[in-house]
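K.L.:
Questions regarding the structure given below will be posed in turn.
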Amino acid sequence: MSEESTVKVHFKKIHVIVIAVVVVLAIASFYLLSHNNSSISVKSGDNVTVFYSLWLSNGTLVQSNFNSTPFSFIAGSSQVIKGFSNAVIGMKEGQTKNVTLSPSEAYGNINNSLIITVPRADFGNNSIAVGEQVSNGNGAAGVITALNSTNVTVNFNPPLAGKTLIFEIKVIKIN
């Protein structure tokens with residue numbers, strides 16, 4: 001083989017290597033650009049949009065928005081219960097997570113001072129029943145838990161206080 005043939009073969013090999021490197025770099029760039037959002041994770045202060053389902057520890061489904069409108073809130077804020085807000089910190093767009101929250105991470109333990117008994121006469125002649133929602137003079141909502149001819153017991157604790165909650169959370173968007 002002549003020296004000129006050897007140079008041409010060597011030039012062709014370099015040409016093929018350069019083309020291969022360019023193709024590999026193009027593929028790697030496309031991958032990184034198309035997956036850029038997946039590397040972003042939720043941090044405190046981010047506006048987060050999620051789908052979620054909420055169950056009680058006995059398996060009762062309380063609420064879900066998976067087939068409805070997504071829910072948005074500021075991560076790390078007091079817009080939602082502490083455990084829910086903390087659960088999304090570190091999640092990425094498209095990620096789904098199941099989390100179990102103790103009462104202290106959710107709506108707190110039952111506060112017995114928020115369960116009061118008042119005279120039946122405070123309700124006037126109004127018809128009332130166990131399970132009915134009522135409000136006090138300050139606008140706080142409570143649920144009648146017991147009543148008789150003389151007294152009415154009203155629980156002003158949040159309805160999910162004292163309960164262990166199980167959430168499935170899917171992060172849809174991070175702003």
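Here, A, B, ... name the chains of the structure tokens in the order displayed, residue numbers run from 1 inside each chain, and ligands are numbered from 1 in the same displayed order.
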Skipping near chain neighbours, those fewer than 3 positions away, what residues fall within 8 Å of Gly76 of chain A using only C-alpha atoms, listed as a PyMOL selection string?
P.N.:
chain A and resi 43-45+82+85-86+89
K.L.:
Please, could you write that set of residues out with C-alpha atoms as a PDB file, in the first residue's frame?
P.N.:
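Here's the written file part_13.pdb:
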```pdb
ATOM      1  CA  LYS A  43     -37.745  22.725  47.797  1.00  0.00           C
ATOM      2  CA  SER A  44     -39.347  24.904  50.436  1.00  0.00           C
ATOM      3  CA  GLY A  45     -40.932  27.969  48.843  1.00  0.00           C
ATOM      4  CA  LYS A  82     -47.064  19.940  58.005  1.00  0.00           C
ATOM      5  CA  SER A  85     -45.888  19.792  52.916  1.00  0.00           C
ATOM      6  CA  ASN A  86     -42.798  17.962  54.193  1.00  0.00           C
ATOM      7  CA  ILE A  89     -39.938  18.292  49.651  1.00  0.00           C
TER       8      ILE A  89
END
```
K.L.:
Write out as a list in words the set of residues from segment 39-100 of chain A that DSSP, computed on the backbone, places in helix (DSSP H, G or I).
P.N.:
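Here is the list: Ser39, Lys82, Gly83, Phe84, Ser85, Asn86, Ala87 and Val88 of chain A.
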K.L.:
Counting only C-alpha atoms, what is within 9 Å of Asn175 of chain A, bar same-chain residues fewer than 2 positions away, as a list in words?
P.N.:
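Listed by chain and then number, they are Val42, Asp46, Asn47, Val48, Thr49 and Lys173 of chain A.
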K.L.:
Taking only residues of segment 42-142 of chain A that have an atom at most 9 Å from an atom of segment 160-168 of chain A, what is each one's shortest atom pair and its distance in Å to one decimal, using only C-alpha atoms, in chain and number order, as a Markdown table?
P.N.:
```
| residue | atom | partner | partner_atom | distance |
| --- | --- | --- | --- | --- |
| A:Phe51 | CA | A:Glu168 | CA | 8.2 |
| A:Tyr52 | CA | A:Glu168 | CA | 5.3 |
| A:Ser53 | CA | A:Glu168 | CA | 5.2 |
| A:Leu54 | CA | A:Phe167 | CA | 4.7 |
| A:Trp55 | CA | A:Ile166 | CA | 5.0 |
| A:Leu56 | CA | A:Leu165 | CA | 5.0 |
| A:Ser57 | CA | A:Thr164 | CA | 5.8 |
| A:Gly59 | CA | A:Ile166 | CA | 8.7 |
| A:Phe84 | CA | A:Phe167 | CA | 8.0 |
| A:Thr96 | CA | A:Glu168 | CA | 7.0 |
| A:Lys97 | CA | A:Glu168 | CA | 5.7 |
| A:Asn98 | CA | A:Glu168 | CA | 4.4 |
| A:Val99 | CA | A:Phe167 | CA | 5.3 |
| A:Thr100 | CA | A:Ile166 | CA | 4.4 |
| A:Leu101 | CA | A:Leu165 | CA | 5.1 |
| A:Ser102 | CA | A:Thr164 | CA | 4.8 |
| A:Pro103 | CA | A:Gly162 | CA | 5.1 |
| A:Ser104 | CA | A:Gly162 | CA | 8.0 |
| A:Glu105 | CA | A:Thr164 | CA | 8.9 |
| A:Ala106 | CA | A:Leu165 | CA | 7.3 |
| A:Tyr107 | CA | A:Ala161 | CA | 4.7 |
| A:Gly108 | CA | A:Ala161 | CA | 5.2 |
| A:Asn109 | CA | A:Gly162 | CA | 4.1 |
| A:Ile110 | CA | A:Gly162 | CA | 5.1 |
| A:Asn111 | CA | A:Ala161 | CA | 8.4 |
```
K.L.:
When distances are computed from only C-alpha atoms, which of A:Asn155, A:Gln79, A:Asn148, A:Thr60 shows the smallest separation from Val134 of chain A?
P.N.:
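Of A:Asn155, A:Gln79, A:Asn148, A:Thr60, the one nearest Val134 of chain A, counting only C-alpha atoms, is A:Asn155.
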K.L.:
By how many Å are atom CA of Leu61 of chain A and atom CA of Leu147 of chain A apart?
P.N.:
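One can read the atom CA of Leu61 of chain A to atom CA of Leu147 of chain A distance as 28.7 Å.
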K.L.:
Give me the residues near Val118 of chain A as a list in words, where near means some atom within 9 Å (using only C-alpha atoms) and where sequence neighbours in that chain fewer than 4 positions away do not count.
P.N.:
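The contact residues come out as Asp122, Thr150, Asn151, Val152, Thr153 and Val154 of chain A.
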K.L.:
Since we have the selection now, will you write its residues out, keeping C-alpha atoms, as a compact mmCIF listing (two decimals), in the first residue's frame?
P.N.:
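result_22.txt written:
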```txt
# COMPACT_ATOMS: atom_id res chain seq x y z
CA ASP A 122 -78.43 27.71 73.83
CA THR A 150 -80.80 19.32 78.71
CA ASN A 151 -77.29 19.31 77.15
CA VAL A 152 -75.50 19.22 73.80
CA THR A 153 -71.89 18.04 73.38
CA VAL A 154 -70.00 19.70 70.53
```
